[in-house]
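Shown next: start15.csv, containing CSV, C-alpha atoms (C1' of nucleotides).
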chain,number,residue,atom,x,y,z
C,14,MET,CA,31.7,-1.5,14.2
C,15,SER,CA,33.4,-1.8,17.5
C,16,TYR,CA,30.3,-2.6,19.5
C,17,ALA,CA,29.1,-6.2,20.1
C,18,ASN,CA,30.1,-7.8,16.8
C,19,ASP,CA,28.9,-11.1,18.0
C,20,MET,CA,25.6,-9.9,19.3
C,21,PRO,CA,24.7,-12.8,21.4
C,22,THR,CA,21.4,-11.4,22.6
C,23,VAL,CA,20.8,-14.7,24.3
C,24,GLU,CA,23.1,-17.0,26.1
C,25,LYS,CA,24.0,-20.1,24.1
C,26,VAL,CA,22.7,-22.3,26.8
C,27,VAL,CA,20.7,-21.4,29.9
C,28,ARG,CA,22.5,-23.5,32.5
C,29,THR,CA,20.9,-22.4,35.7
C,30,ASP,CA,17.4,-21.6,36.8
C,31,ALA,CA,18.5,-18.1,37.8
C,32,GLY,CA,18.5,-16.8,34.2
C,33,LEU,CA,15.7,-19.0,32.9
C,34,ALA,CA,12.9,-16.6,33.5
C,35,ALA,CA,14.8,-13.7,31.9
C,36,GLU,CA,15.7,-15.8,28.8
C,37,LEU,CA,12.3,-17.3,28.4
C,38,ARG,CA,10.7,-13.9,28.6
C,39,LEU,CA,13.0,-12.5,26.0
C,40,SER,CA,12.5,-15.5,23.7
C,41,VAL,CA,8.8,-15.3,24.0
C,42,MET,CA,8.7,-11.5,23.5
C,43,ARG,CA,10.7,-11.6,20.4
C,44,LEU,CA,9.2,-14.7,18.8
C,45,ARG,CA,5.7,-13.2,19.3
C,46,ARG,CA,6.8,-10.0,17.6
C,47,ARG,CA,8.2,-12.0,14.8
C,48,LEU,CA,5.1,-14.0,14.4
C,49,ALA,CA,3.0,-10.9,14.3
C,50,ASN,CA,5.1,-9.5,11.5
C,51,GLU,CA,5.3,-12.7,9.5
C,52,ARG,CA,1.6,-13.2,8.8
C,53,HIS,CA,0.8,-14.0,5.3
C,54,PRO,CA,0.4,-10.8,3.3
C,55,ASP,CA,-2.7,-11.9,1.5
C,56,ASN,CA,-4.5,-12.4,4.8
C,57,GLU,CA,-6.0,-9.2,5.9
C,58,LEU,CA,-6.8,-10.5,9.4
C,59,SER,CA,-4.3,-9.9,12.2
C,60,ILE,CA,-2.7,-12.7,14.2
C,61,ASN,CA,-5.1,-12.0,17.1
C,62,GLN,CA,-8.1,-12.2,14.9
C,63,MET,CA,-6.9,-15.4,13.4
C,64,GLY,CA,-6.3,-16.6,17.0
C,65,VAL,CA,-10.0,-16.0,17.8
C,66,LEU,CA,-11.2,-17.8,14.7
C,67,GLY,CA,-9.0,-20.7,15.5
C,68,CYS,CA,-10.2,-20.8,19.0
C,69,LEU,CA,-13.8,-20.9,17.8
C,70,PHE,CA,-13.0,-23.6,15.3
C,71,ARG,CA,-11.4,-25.8,18.0
C,72,ASN,CA,-14.3,-25.4,20.3
C,73,GLY,CA,-17.0,-26.3,17.9
C,74,GLY,CA,-17.6,-22.9,16.3
C,75,ALA,CA,-19.5,-21.1,19.0
C,76,LEU,CA,-18.4,-19.4,22.3
C,77,THR,CA,-19.6,-16.4,24.3
C,78,ILE,CA,-17.6,-13.2,24.4
C,79,GLY,CA,-16.6,-13.9,28.0
C,80,GLU,CA,-15.4,-17.4,27.1
C,81,LEU,CA,-13.4,-16.1,24.2
C,82,ALA,CA,-11.9,-13.3,26.4
C,83,ALA,CA,-10.9,-15.8,29.1
C,84,SER,CA,-9.4,-18.1,26.5
C,85,GLU,CA,-7.3,-15.5,24.8
C,86,ARG,CA,-6.5,-13.9,28.2
C,87,VAL,CA,-7.8,-10.5,27.3
C,88,ARG,CA,-10.5,-8.3,29.0
C,89,PRO,CA,-14.1,-8.5,27.6
C,90,PRO,CA,-14.0,-5.0,26.0
C,91,SER,CA,-10.9,-6.0,24.0
C,92,MET,CA,-12.7,-9.1,22.8
C,93,THR,CA,-15.8,-7.1,21.9
C,94,ARG,CA,-13.7,-5.0,19.6
C,95,THR,CA,-12.0,-8.0,18.0
C,96,VAL,CA,-15.3,-9.6,17.5
C,97,ASN,CA,-16.7,-6.4,15.9
C,98,CYS,CA,-13.9,-6.6,13.4
C,99,LEU,CA,-14.5,-10.2,12.7
C,100,GLU,CA,-18.2,-9.6,12.4
C,101,SER,CA,-17.8,-6.8,9.9
C,102,SER,CA,-15.4,-8.9,7.8
C,103,GLY,CA,-18.1,-11.6,7.8
C,104,ASP,CA,-16.1,-14.3,9.6
C,105,VAL,CA,-18.3,-14.6,12.6
C,106,VAL,CA,-21.9,-13.8,13.5
C,107,ARG,CA,-23.4,-12.8,16.9
C,108,ARG,CA,-26.5,-14.5,18.1
C,109,PRO,CA,-28.4,-14.3,21.4
C,110,HIS,CA,-27.7,-16.9,24.0
C,111,GLU,CA,-30.5,-19.4,24.2
C,112,THR,CA,-31.2,-19.1,27.9
C,113,ASP,CA,-29.3,-16.0,29.2
C,114,GLY,CA,-30.2,-12.7,27.6
C,115,ARG,CA,-27.1,-11.0,28.9
C,116,GLN,CA,-24.7,-13.2,27.0
C,117,VAL,CA,-23.9,-13.2,23.3
C,118,VAL,CA,-22.8,-16.2,21.4
C,119,VAL,CA,-20.2,-15.7,18.7
C,120,GLU,CA,-20.4,-18.2,16.0
C,121,LEU,CA,-18.1,-19.0,13.0
C,122,SER,CA,-19.8,-18.1,9.8
C,123,ASP,CA,-19.3,-20.3,6.7
C,124,ARG,CA,-16.8,-17.8,5.5
C,125,GLY,CA,-14.9,-17.9,8.8
C,126,ARG,CA,-14.8,-21.6,8.8
C,127,GLU,CA,-13.6,-21.6,5.2
C,128,ARG,CA,-10.9,-19.1,6.2
C,129,VAL,CA,-9.7,-21.2,9.0
C,130,LEU,CA,-9.5,-24.3,6.9
C,131,ALA,CA,-7.9,-22.5,3.9
C,132,ASP,CA,-5.5,-20.8,6.3
C,133,ARG,CA,-4.7,-23.7,8.5
C,134,ASP,CA,-1.4,-24.6,7.0
C,135,ARG,CA,-0.8,-21.4,5.1
C,136,ARG,CA,-1.1,-19.1,8.1
C,137,ASP,CA,1.7,-20.9,9.8
C,138,ALA,CA,3.8,-21.0,6.7
C,139,TRP,CA,6.6,-19.0,8.1
C,140,LEU,CA,6.8,-20.9,11.4
C,141,ASN,CA,6.3,-24.2,9.7
C,142,GLN,CA,9.2,-23.5,7.4
C,143,LYS,CA,11.4,-22.6,10.3
C,144,LEU,CA,10.3,-25.7,12.2
C,145,ARG,CA,11.3,-27.8,9.3
C,146,ASP,CA,14.7,-26.3,9.4
C,147,LEU,CA,15.1,-27.6,13.0
C,148,THR,CA,16.4,-31.0,13.9
C,149,ALA,CA,13.9,-33.6,15.0
C,150,GLU,CA,15.2,-33.3,18.5
C,151,GLU,CA,14.6,-29.6,18.6
C,152,ARG,CA,11.1,-30.1,17.4
C,153,ALA,CA,10.6,-32.7,20.1
C,154,VAL,CA,11.7,-30.1,22.7
C,155,LEU,CA,9.3,-27.6,21.4
C,156,ARG,CA,6.5,-30.1,21.2
C,157,LYS,CA,7.1,-30.7,24.9
C,158,ALA,CA,7.5,-27.1,25.7
C,159,ALA,CA,4.4,-25.7,24.0
C,160,PRO,CA,1.9,-27.1,26.6
C,161,ILE,CA,4.1,-26.0,29.5
C,162,LEU,CA,4.2,-22.5,28.1
C,163,GLN,CA,0.5,-22.6,27.7
C,164,ASP,CA,0.1,-23.7,31.3
C,165,LEU,CA,2.3,-20.9,32.4
C,166,ALA,CA,0.1,-18.4,30.6
C,167,GLN,CA,-3.1,-19.8,32.0
C,168,LYS,CA,-2.1,-20.4,35.6
C,169,ASP,CA,-3.9,-18.6,38.5
F,27,MET,CA,-23.2,-22.3,30.4
F,28,SER,CA,-23.8,-24.7,27.6
F,29,TYR,CA,-20.8,-23.6,25.5
F,30,ALA,CA,-17.4,-25.2,25.9
F,31,ASN,CA,-17.5,-26.1,29.5
F,32,ASP,CA,-14.1,-27.8,29.3
F,33,MET,CA,-12.4,-24.9,27.3
F,34,PRO,CA,-9.4,-26.8,26.2
F,35,THR,CA,-7.9,-23.8,24.4
F,36,VAL,CA,-4.9,-26.0,23.7
F,37,GLU,CA,-4.5,-29.6,22.9
F,38,LYS,CA,-3.3,-31.6,25.9
F,39,VAL,CA,-0.4,-32.9,23.9
F,40,VAL,CA,0.9,-31.8,20.5
F,41,ARG,CA,1.5,-35.2,18.9
F,42,THR,CA,2.3,-34.3,15.4
F,43,ASP,CA,4.3,-31.6,13.6
F,44,ALA,CA,1.2,-30.5,11.8
F,45,GLY,CA,-0.3,-28.7,14.8
F,46,LEU,CA,3.0,-27.7,16.3
F,47,ALA,CA,3.2,-24.3,14.6
F,48,ALA,CA,-0.3,-23.4,15.6
F,49,GLU,CA,0.1,-24.5,19.2
F,50,LEU,CA,3.5,-22.9,19.6
F,51,ARG,CA,2.1,-19.7,18.2
F,52,LEU,CA,-0.8,-19.7,20.6
F,53,SER,CA,1.4,-20.5,23.6
F,54,VAL,CA,3.8,-17.7,22.8
F,55,MET,CA,1.1,-15.2,22.1
F,56,ARG,CA,-0.7,-15.8,25.4
F,57,LEU,CA,2.3,-16.1,27.6
F,58,ARG,CA,3.7,-12.9,26.2
F,59,ARG,CA,0.4,-11.1,27.0
F,60,ARG,CA,0.5,-12.6,30.4
F,61,LEU,CA,4.1,-11.4,31.0
F,62,ALA,CA,3.3,-7.9,29.9
F,63,ASN,CA,0.5,-7.8,32.5
F,64,GLU,CA,2.4,-9.3,35.3
F,65,ARG,CA,5.3,-6.9,35.4
F,66,HIS,CA,6.0,-5.7,38.9
F,67,PRO,CA,3.8,-2.7,39.7
F,68,ASP,CA,6.6,-0.7,41.4
F,69,ASN,CA,8.6,-0.7,38.3
F,70,GLU,CA,7.7,2.2,36.1
F,71,LEU,CA,9.5,0.8,33.1
F,72,SER,CA,7.6,-1.3,30.6
F,73,ILE,CA,8.6,-4.8,29.8
F,74,ASN,CA,10.1,-3.6,26.5
F,75,GLN,CA,12.1,-1.0,28.1
F,76,MET,CA,13.4,-3.5,30.6
F,77,GLY,CA,14.2,-5.7,27.7
F,78,VAL,CA,16.4,-3.1,26.2
F,79,LEU,CA,18.2,-2.4,29.5
F,80,GLY,CA,18.8,-6.1,29.9
F,81,CYS,CA,20.1,-6.4,26.3
F,82,LEU,CA,22.6,-3.5,26.9
F,83,PHE,CA,23.6,-5.1,30.2
F,84,ARG,CA,24.4,-8.5,28.6
F,85,ASN,CA,26.3,-6.8,25.8
F,86,GLY,CA,28.7,-4.8,28.0
F,87,GLY,CA,26.5,-1.7,28.4
F,88,ALA,CA,26.8,-0.1,25.0
F,89,LEU,CA,25.1,-0.7,21.6
F,90,THR,CA,24.0,1.5,18.7
F,91,ILE,CA,20.3,2.2,18.0
F,92,GLY,CA,20.5,-0.1,15.0
F,93,GLU,CA,22.0,-3.0,16.9
F,94,LEU,CA,19.4,-2.6,19.6
F,95,ALA,CA,16.7,-2.5,17.0
F,96,ALA,CA,18.0,-5.7,15.3
F,97,SER,CA,18.4,-7.4,18.6
F,98,GLU,CA,14.9,-6.7,19.8
F,99,ARG,CA,13.5,-7.2,16.3
F,100,VAL,CA,11.9,-3.8,16.0
F,101,ARG,CA,12.4,-1.0,13.4
F,102,PRO,CA,14.9,1.7,14.2
F,103,PRO,CA,12.2,4.4,14.8
F,104,SER,CA,10.6,2.2,17.4
F,105,MET,CA,13.9,1.8,19.1
F,106,THR,CA,14.6,5.5,18.9
F,107,ARG,CA,11.4,6.1,20.8
F,108,THR,CA,12.1,3.5,23.5
F,109,VAL,CA,15.6,4.9,23.9
F,110,ASN,CA,14.1,8.4,24.3
F,111,CYS,CA,12.0,7.1,27.2
F,112,LEU,CA,15.0,5.4,28.8
F,113,GLU,CA,17.1,8.5,28.4
F,114,SER,CA,14.6,10.8,30.0
F,115,SER,CA,14.2,8.4,32.9
F,116,GLY,CA,18.0,8.5,33.2
F,117,ASP,CA,18.7,4.8,32.6
F,118,VAL,CA,20.7,5.3,29.5
F,119,VAL,CA,22.8,8.0,27.9
F,120,ARG,CA,23.4,8.7,24.2
F,121,ARG,CA,26.9,9.4,23.1
F,122,PRO,CA,28.4,9.8,19.6
F,123,HIS,CA,30.0,6.9,17.9
F,124,GLU,CA,33.7,7.1,18.0
F,125,THR,CA,34.3,6.8,14.2
F,126,ASP,CA,30.9,7.0,12.5
F,127,GLY,CA,29.1,10.3,12.9
F,128,ARG,CA,25.8,8.8,11.7
F,129,GLN,CA,25.5,6.3,14.5
F,130,VAL,CA,24.6,6.9,18.1
F,131,VAL,CA,25.8,4.7,20.9
F,132,VAL,CA,23.4,4.0,23.7
F,133,GLU,CA,25.1,3.3,27.0
F,134,LEU,CA,23.7,2.1,30.3
F,135,SER,CA,24.0,4.8,33.0
F,136,ASP,CA,24.9,3.9,36.5
F,137,ARG,CA,21.3,4.2,37.4
F,138,GLY,CA,20.3,1.9,34.5
F,139,ARG,CA,22.9,-0.6,35.6
F,140,GLU,CA,21.6,-0.4,39.1
F,141,ARG,CA,18.1,-0.9,38.0
F,142,VAL,CA,19.0,-4.0,36.0
F,143,LEU,CA,20.9,-5.5,39.0
F,144,ALA,CA,18.2,-4.6,41.5
F,145,ASP,CA,15.5,-5.8,39.2
F,146,ARG,CA,17.2,-8.9,38.0
F,147,ASP,CA,15.3,-11.3,40.2
F,148,ARG,CA,12.4,-9.1,41.1
F,149,ARG,CA,11.4,-8.2,37.6
F,150,ASP,CA,10.8,-11.9,36.9
F,151,ALA,CA,9.0,-12.5,40.2
F,152,TRP,CA,5.9,-13.8,38.6
F,153,LEU,CA,7.5,-16.0,36.1
F,154,ASN,CA,10.1,-17.2,38.5
F,155,GLN,CA,7.3,-18.2,40.9
F,156,LYS,CA,5.5,-20.1,38.2
F,157,LEU,CA,8.7,-21.8,37.2
F,158,ARG,CA,9.3,-22.9,40.7
F,159,ASP,CA,5.9,-24.5,40.6
F,160,LEU,CA,7.0,-26.7,37.7
F,161,THR,CA,8.8,-30.0,38.0
F,162,ALA,CA,12.5,-30.1,37.4
F,163,GLU,CA,11.9,-32.0,34.2
F,164,GLU,CA,9.6,-29.2,32.9
F,165,ARG,CA,12.1,-26.6,33.7
F,166,ALA,CA,14.7,-28.7,31.9
F,167,VAL,CA,12.5,-28.7,28.8
F,168,LEU,CA,12.1,-24.9,29.0
F,169,ARG,CA,15.8,-24.5,29.4
F,170,LYS,CA,16.3,-26.3,26.2
F,171,ALA,CA,13.4,-24.6,24.5
F,172,ALA,CA,14.4,-21.0,25.2
F,173,PRO,CA,17.4,-20.9,22.9
F,174,ILE,CA,15.4,-22.6,20.1
F,175,LEU,CA,12.6,-20.1,20.4
F,176,GLN,CA,15.2,-17.4,20.3
F,177,ASP,CA,16.8,-18.8,17.2
F,178,LEU,CA,13.3,-19.0,15.5
F,179,ALA,CA,12.8,-15.4,16.3
F,180,GLN,CA,16.2,-14.4,14.9
F,181,LYS,CA,16.4,-16.5,11.8
F,182,ASP,CA,16.7,-14.9,8.4
W,1,DG,C1',-44.3,-10.1,43.1
W,2,DG,C1',-40.6,-6.9,43.7
W,3,DC,C1',-36.4,-5.1,44.9
W,4,DA,C1',-31.2,-5.5,45.7
W,5,DT,C1',-27.3,-7.2,44.0
W,6,DG,C1',-24.5,-9.3,40.6
W,7,DT,C1',-23.0,-10.5,35.8
W,8,DC,C1',-22.3,-9.7,30.8
W,9,DG,C1',-21.5,-7.0,27.0
W,10,DT,C1',-20.8,-2.7,25.3
W,11,DT,C1',-19.2,2.3,24.9
W,12,DA,C1',-16.0,5.8,25.7
W,13,DG,C1',-11.6,7.4,26.6
W,14,DC,C1',-6.9,6.5,27.1
W,15,DA,C1',-2.0,4.3,26.9
W,16,DT,C1',1.4,1.7,24.8
W,17,DA,C1',4.0,0.2,21.1
W,18,DA,C1',4.5,-1.0,16.8
W,19,DC,C1',4.6,0.4,11.8
W,20,DT,C1',5.6,3.3,7.3
W,21,DC,C1',7.2,7.2,4.9
W,22,DA,C1',10.0,11.2,4.7
W,23,DT,C1',13.9,13.9,6.2
W,24,DT,C1',18.4,15.0,7.9
W,25,DA,C1',23.1,14.0,8.7
W,26,DC,C1',26.9,11.5,7.6
W,27,DC,C1',30.0,8.2,5.2
W,28,DT,C1',32.2,6.0,1.1
W,29,DG,C1',33.6,5.0,-3.4
W,30,DT,C1',34.3,6.6,-8.0
I,18,DA,C1',33.3,16.6,-5.5
I,19,DC,C1',29.6,14.4,-6.0
I,20,DA,C1',26.3,10.3,-6.1
I,21,DG,C1',24.4,7.0,-3.7
I,22,DG,C1',24.0,4.4,0.5
I,23,DT,C1',23.2,4.1,5.6
I,24,DA,C1',21.9,5.7,10.5
I,25,DA,C1',18.9,8.0,13.3
I,26,DT,C1',15.0,10.6,13.8
I,27,DG,C1',10.3,13.1,13.2
I,28,DA,C1',5.5,12.8,11.9
I,29,DG,C1',1.5,10.4,11.4
I,30,DT,C1',-1.1,6.1,11.6
I,31,DT,C1',-2.6,1.7,13.2
I,32,DA,C1',-3.2,-2.1,16.3
I,33,DT,C1',-4.2,-3.7,20.7
I,34,DG,C1',-4.5,-3.6,25.1
I,35,DC,C1',-6.6,-1.4,29.5
I,36,DT,C1',-10.1,0.9,33.1
I,37,DA,C1',-14.4,3.1,34.2
I,38,DA,C1',-19.1,3.6,33.6
I,39,DC,C1',-23.4,2.1,31.9
I,40,DG,C1',-27.5,-0.5,30.4
I,41,DA,C1',-29.8,-4.9,30.0
I,42,DC,C1',-30.7,-8.9,32.1
I,43,DA,C1',-30.5,-12.7,35.9
I,44,DT,C1',-30.9,-14.3,40.4
I,45,DG,C1',-31.8,-14.5,45.1
I,46,DC,C1',-34.1,-13.0,49.1
I,47,DC,C1',-37.9,-11.0,51.4
For the structure just supplied, provide its representation as structure tokens.
Amino acid sequence: MSYANDMPTVEKVVRTDAGLAAELRLSVMRLRRRLANERHPDNELSINQMGVLGCLFRNGGALTIGELAASERVRPPSMTRTVNCLESSGDVVRRPHETDGRQVVVELSDRGRERVLADRDRRDAWLNQKLRDLTAEERAVLRKAAPILQDLAQKD
Amino acid sequence: MSYANDMPTVEKVVRTDAGLAAELRLSVMRLRRRLANERHPDNELSINQMGVLGCLFRNGGALTIGELAASERVRPPSMTRTVNCLESSGDVVRRPHETDGRQVVVELSDRGRERVLADRDRRDAWLNQKLRDLTAEERAVLRKAAPILQDLAQKD
DNA sequence: GGCATGTCGTTAGCATAACTCATTACCTGT
DNA sequence: ACAGGTAATGAGTTATGCTAACGACATGCC
């Protein structure tokens, strides 16, 4: 084992802005991959599907396809497919828009709402556990960082 | 447009630890998707492939498949495939491990090293631009957050 | 009213990137 | 010397995006 015994994979501290983008990108990429893997095994929905349910839940239970797509930053066809899955699993229902016949409103079903509630803590079990292992200061940093990351993703 | 005109998609402030996991997860998911889309168009390598090159670069230019896989948090077969791509594009070379015939050492070629160097700033153009738009304080938060996120991804 | 243009969702086809399972090659310890 | 473990790979599958094209509907202009 003569190669990279220490395996830093990330600098201990990012001191300058020069490397910040690169390190942030790596961190985000890897953590996302980890999160996708660590979903609870007794939950048959993917992390993306749960994301859509959560988005509906936070927004009062009903959004159009386009709004969902914009919110999750995917293209409408991708959201159509995700919604198809959620519909056939019975977690959402489609209904026509009240005034605009082109649009489709996606609504949380009772089952979907139940799932969000039941899953609310459990779905983040892994991450919550890891967060508990952090110091209060580290959690404070992340609490401040989350909205900034969100803004970065949303900008322009 | 009677549905969710405000479209919060993320709470303005994450005040309690209860929601931290959920918000962090959303932020990471969306920013990652954004990063994957915003890669520079004149770079024919994907964000993952560039990640592997960067990893090799930071670790002295040579790691085994297994080490690379562990570092990027993918399974060895996935890394084999990524390395195949990088090999056929001439950015890395495989060579046998000095003492262990089972392992394969992946090494940055001159071309790969060149690409990393040439790409170092450019490849993060989008993120760098967005980072410049932040306040110094916000950048400081992210600078502190990046290693924490990395640790979260790596833990256990 | 009627047509041109635009918007929304969907379908179809494709690309990427991950996974699992099985196989091959090699190492190591008894 | 052989058994069992480990590394890389091959094959097949799944998940998740995308673009292009299309149909249904809305809107604005005459």
Top pick for closest residue to chain W, considering C:Leu162, C:Cys68, C:Ala49, C:Leu44 and counting all atoms listed in the file: C:Ala49
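When chain F is least-squares superimposed on chain C using all C-alpha positions, the deviation that remains is 0.3 Å RMSD.
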Coordinates-based distance that separates atom CA of Gly77 of chain F from atom CA of Thr95 of chain C (Å, one decimal): 28.0 Å
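The shortest atom-to-atom distance to chain W, with all atoms listed in the file taken into account, belongs to F:Asp126 out of F:Asp126, F:Glu93, F:Glu164, F:Asp117.
Interatomic distance, atom CA of Cys111 of chain F against atom C1' of DA22 of chain W: 23.0 Å.
The shortest atom-to-atom distance to chain F, with all atoms listed in the file taken into account, belongs to C:Arg46 out of C:Arg46, C:Arg94, C:Arg126, C:Arg115.
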Residue hits in chain W, query chain F, radius 10 Å, only C-alpha atoms (C1' of nucleotides), as a list in words: DT16, DA17, DA18, DC19, DA25, DC26 and DC27 of chain W
Counting only C-alpha atoms, the option among C:Glu127, C:Glu100, C:Asp132, C:Glu85 closest to Arg60 of chain F: C:Glu85
Taking only C-alpha atoms into account, produce a table as a tab-separated table in which each residue of chain C with an atom at most 6 Å from an atom of chain F appears once, together with its shortest atom pair and the distance in Å to one decimal, ordered by chain and rising number.
residue	atom	partner	partner_atom	distance
C:Tyr16	CA	F:Leu89	CA	5.9
C:Val27	CA	F:Arg169	CA	5.8
C:Ala34	CA	F:Asn154	CA	5.8
C:Leu37	CA	F:Ala172	CA	5.3
C:Ser40	CA	F:Gln176	CA	4.7
C:Val41	CA	F:Val54	CA	5.7
C:Met42	CA	F:Arg58	CA	5.9
C:Arg43	CA	F:Ala179	CA	6.0
C:Leu44	CA	F:Ala179	CA	4.4
C:Arg45	CA	F:Met55	CA	5.7
C:Arg47	CA	F:Ala179	CA	5.9
C:Leu76	CA	F:Tyr29	CA	5.8
C:Leu140	CA	F:Ala47	CA	5.9
C:Asn141	CA	F:Ala47	CA	5.8
C:Leu155	CA	F:Ala171	CA	6.0
C:Arg156	CA	F:Val40	CA	5.9
C:Ala159	CA	F:Leu50	CA	5.3
C:Leu162	CA	F:Ser53	CA	5.7
C:Gln163	CA	F:Ser53	CA	4.7
C:Ala166	CA	F:Leu57	CA	4.4
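The list of chain I residues within 8 Å of chain F is DA24, DA25 and DT26 of chain I; this uses all atoms listed in the file.
Picture a line from atom C1' of DC8 of chain W to atom C1' of DA41 of chain I; it runs 8.9 Å.
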